[in-house]
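Source file: final18.cif. Holds: mmCIF, C-alpha atoms.
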```cif
data_protein
loop_
_atom_site.group_PDB
_atom_site.id
_atom_site.type_symbol
_atom_site.label_atom_id
_atom_site.label_comp_id
_atom_site.auth_asym_id
_atom_site.auth_seq_id
_atom_site.Cartn_x
_atom_site.Cartn_y
_atom_site.Cartn_z
ATOM 1 C CA MET A 1 -15.145 -8.654 -3.569
ATOM 2 C CA GLU A 2 -11.483 -8.004 -4.278
ATOM 3 C CA ALA A 3 -9.664 -10.986 -5.742
ATOM 4 C CA VAL A 4 -5.994 -11.666 -5.062
ATOM 5 C CA VAL A 5 -3.917 -11.760 -8.249
ATOM 6 C CA ARG A 6 -0.365 -11.883 -6.817
ATOM 7 C CA VAL A 7 1.306 -12.635 -3.505
ATOM 8 C CA LEU A 8 4.873 -12.159 -2.350
ATOM 9 C CA PRO A 9 5.920 -13.523 1.060
ATOM 10 C CA ARG A 10 8.049 -10.947 2.888
ATOM 11 C CA GLU A 11 10.286 -10.928 5.942
ATOM 12 C CA ASP A 12 8.782 -11.156 9.403
ATOM 13 C CA TYR A 13 5.618 -12.983 8.303
ATOM 14 C CA HIS A 14 4.193 -10.284 6.057
ATOM 15 C CA LEU A 15 2.550 -10.779 2.679
ATOM 16 C CA GLU A 16 2.627 -8.281 -0.144
ATOM 17 C CA VAL A 17 -0.717 -8.839 -1.834
ATOM 18 C CA GLU A 18 -1.928 -7.402 -5.133
ATOM 19 C CA PHE A 19 -5.670 -7.296 -5.682
ATOM 20 C CA SER A 20 -7.708 -7.264 -8.883
ATOM 21 C CA THR A 21 -8.309 -3.545 -8.290
ATOM 22 C CA GLY A 22 -4.588 -2.937 -8.870
ATOM 23 C CA GLU A 23 -4.014 -2.107 -5.206
ATOM 24 C CA VAL A 24 -0.939 -3.525 -3.509
ATOM 25 C CA ARG A 25 -1.307 -4.008 0.233
ATOM 26 C CA LEU A 26 0.762 -5.418 3.109
ATOM 27 C CA PHE A 27 -0.835 -8.063 5.336
ATOM 28 C CA ASP A 28 0.666 -9.023 8.700
ATOM 29 C CA VAL A 29 0.222 -12.756 9.332
ATOM 30 C CA ARG A 30 1.808 -12.664 12.825
ATOM 31 C CA PRO A 31 -1.502 -12.279 14.741
ATOM 32 C CA TYR A 32 -2.697 -15.566 13.204
ATOM 33 C CA LEU A 33 0.392 -17.679 13.913
ATOM 34 C CA ASP A 34 -0.908 -18.917 17.280
ATOM 35 C CA LYS A 35 -4.400 -19.742 16.010
ATOM 36 C CA GLY A 36 -5.581 -23.170 14.886
ATOM 37 C CA VAL A 37 -4.230 -24.454 11.583
ATOM 38 C CA PHE A 38 -2.213 -21.280 11.020
ATOM 39 C CA THR A 39 0.364 -22.394 13.604
ATOM 40 C CA GLN A 40 1.851 -24.415 10.721
ATOM 41 C CA LEU A 41 2.919 -21.119 9.121
ATOM 42 C CA LYS A 42 5.522 -20.601 11.845
ATOM 43 C CA ASP A 43 7.593 -22.863 9.610
ATOM 44 C CA ARG A 44 9.260 -20.191 7.468
ATOM 45 C CA ALA A 45 9.796 -22.611 4.590
ATOM 46 C CA LEU A 46 6.061 -23.306 4.469
ATOM 47 C CA PHE A 47 5.185 -19.622 4.838
ATOM 48 C CA ALA A 48 7.442 -18.815 1.876
ATOM 49 C CA ARG A 49 5.444 -21.225 -0.314
ATOM 50 C CA ALA A 50 2.386 -18.934 -0.444
ATOM 51 C CA PHE A 51 0.601 -18.946 -3.793
ATOM 52 C CA VAL A 52 -2.582 -17.604 -5.361
ATOM 53 C CA ALA A 53 -5.516 -19.935 -6.017
ATOM 54 C CA CYS A 54 -9.282 -19.401 -6.080
ATOM 55 C CA ASP A 55 -8.779 -15.608 -5.803
ATOM 56 C CA THR A 56 -6.935 -15.734 -2.478
ATOM 57 C CA VAL A 57 -3.622 -16.587 -0.793
ATOM 58 C CA CYS A 58 -3.062 -20.284 -0.124
ATOM 59 C CA TRP A 59 -0.366 -22.594 1.188
ATOM 60 C CA PRO A 60 0.169 -26.331 0.969
ATOM 61 C CA ASN A 61 -1.829 -28.399 3.507
ATOM 62 C CA ASP A 62 -5.095 -26.688 2.463
ATOM 63 C CA LEU A 63 -4.304 -23.433 4.258
ATOM 64 C CA ASP A 64 -5.809 -20.174 3.030
ATOM 65 C CA ILE A 65 -6.960 -16.792 4.257
ATOM 66 C CA ALA A 66 -10.169 -15.240 2.928
ATOM 67 C CA PRO A 67 -9.551 -12.421 0.441
ATOM 68 C CA GLU A 68 -11.878 -10.150 2.432
ATOM 69 C CA THR A 69 -9.693 -10.612 5.512
ATOM 70 C CA LEU A 70 -6.543 -9.988 3.492
ATOM 71 C CA TYR A 71 -7.991 -6.736 2.174
ATOM 72 C CA VAL A 72 -9.619 -5.350 5.326
ATOM 73 C CA LYS A 73 -6.745 -6.229 7.674
ATOM 74 C CA SER A 74 -3.954 -5.005 5.367
ATOM 75 C CA VAL A 75 -2.460 -1.583 4.761
ATOM 76 C CA PRO A 76 -1.755 0.031 1.401
ATOM 77 C CA ILE A 77 1.839 0.253 0.270
ATOM 78 C CA SER A 78 3.145 2.735 -2.252
ATOM 79 C CA LYS A 79 4.737 0.173 -4.580
ATOM 80 C CA GLY A 80 1.498 -0.228 -6.535
ATOM 81 C CA VAL A 81 1.394 3.493 -7.258
ATOM 82 C CA HIS A 82 4.946 3.415 -8.609
ATOM 83 C CA GLU A 83 4.271 0.372 -10.766
ATOM 84 C CA THR A 84 1.194 2.033 -12.246
ATOM 85 C CA ALA A 85 3.120 5.222 -13.026
ATOM 86 C CA GLU A 86 5.887 3.238 -14.712
ATOM 87 C CA LYS A 87 3.341 1.466 -16.907
ATOM 88 C CA TYR A 88 2.430 4.817 -18.414
ATOM 89 C CA GLY A 89 5.989 6.074 -18.812
ATOM 90 C CA GLU A 90 5.742 8.483 -15.894
ATOM 91 C CA ARG A 91 8.267 8.830 -13.144
ATOM 92 C CA PRO A 92 7.132 7.768 -9.682
#
```

Write-out of the structure in structure tokens:
Amino acid sequence: MEAVVRVLPREDYHLEVEFSTGEVRLFDVRPYLDKGVFTQLKDRALFARAFVACDTVCWPNDLDIAPETLYVKSVPISKGVHETAEKYGERP
């Protein structure tokens, strides 16, 4: 299972999520905003308070999304590739 090591809330209810594999992926939270407890995340101030705990993305009020869902339902973004290249002194 991929563990979440970093999260960055983005515009338009997206999360930039870095996994323990080094992959950086973009997860769209919008499909969940009308479902159950996730309706609370329509509050942009709350959405922006995303943090990592227990290997996944969490918010206050005991909200979280399973890391498997975050991984499977997200798309890769190129930022991770550039960060890795910079670590080794290479140009992206």

*With all atoms listed in the file as the atoms that count, which of A:Pro31, A:Ala66, A:Pro9, A:Val75 lies nearest to A:Leu46?*
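Nearest candidate to A:Leu46 out of A:Pro31, A:Ala66, A:Pro9, A:Val75: A:Pro9.
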
*Selection dump of the PyMOL selection byres ((chain A and resi 12) around 9), as a list in words*: Arg10, Glu11, Tyr13, His14, Asp28, Val29 and Arg30 of chain A

Take the selection from the previous step and output its residues with C-alpha atoms, as a PDB file, in the coordinates of the input.
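Wrote selection_2.pdb, looks like this:
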```
ATOM      1  CA  ARG A  10       8.049 -10.947   2.888  1.00  0.00           C
ATOM      2  CA  GLU A  11      10.286 -10.928   5.942  1.00  0.00           C
ATOM      3  CA  TYR A  13       5.618 -12.983   8.303  1.00  0.00           C
ATOM      4  CA  HIS A  14       4.193 -10.284   6.057  1.00  0.00           C
ATOM      5  CA  ASP A  28       0.666  -9.023   8.700  1.00  0.00           C
ATOM      6  CA  VAL A  29       0.222 -12.756   9.332  1.00  0.00           C
ATOM      7  CA  ARG A  30       1.808 -12.664  12.825  1.00  0.00           C
TER       8      ARG A  30
END
```

Would you kindly translate the PyMOL selection byres ((chain A and resi 26) around 8) into the concrete residues it picks from this file, as a short mmCIF file (atom, residue, chain, number, x, y, z; two decimals) with C-alpha atoms, in the coordinates of the input?
```cif
data_model
loop_
_atom_site.label_atom_id
_atom_site.label_comp_id
_atom_site.auth_asym_id
_atom_site.auth_seq_id
_atom_site.Cartn_x
_atom_site.Cartn_y
_atom_site.Cartn_z
CA HIS A 14 4.19 -10.28 6.06
CA LEU A 15 2.55 -10.78 2.68
CA GLU A 16 2.63 -8.28 -0.14
CA VAL A 17 -0.72 -8.84 -1.83
CA VAL A 24 -0.94 -3.52 -3.51
CA ARG A 25 -1.31 -4.01 0.23
CA PHE A 27 -0.84 -8.06 5.34
CA ASP A 28 0.67 -9.02 8.70
CA SER A 74 -3.95 -5.00 5.37
CA VAL A 75 -2.46 -1.58 4.76
CA PRO A 76 -1.76 0.03 1.40
CA ILE A 77 1.84 0.25 0.27
#
```

*Would you write out, as a count of residues only, every residue that the PyMOL selection byres ((chain A and resi 61-65) around 12) captures in this file?*
36

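Separating atom CA of A:Lys42 from atom CA of A:Val7 is a distance of 17.8 Å.
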
*Of the listed residues A:Ala48, A:Arg6, A:Asp43, A:Lys35, that which approaches A:Ser20 most closely, counting only C-alpha atoms*: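 Between A:Ala48, A:Arg6, A:Asp43, A:Lys35, the residue approaching A:Ser20 most closely is A:Arg6.
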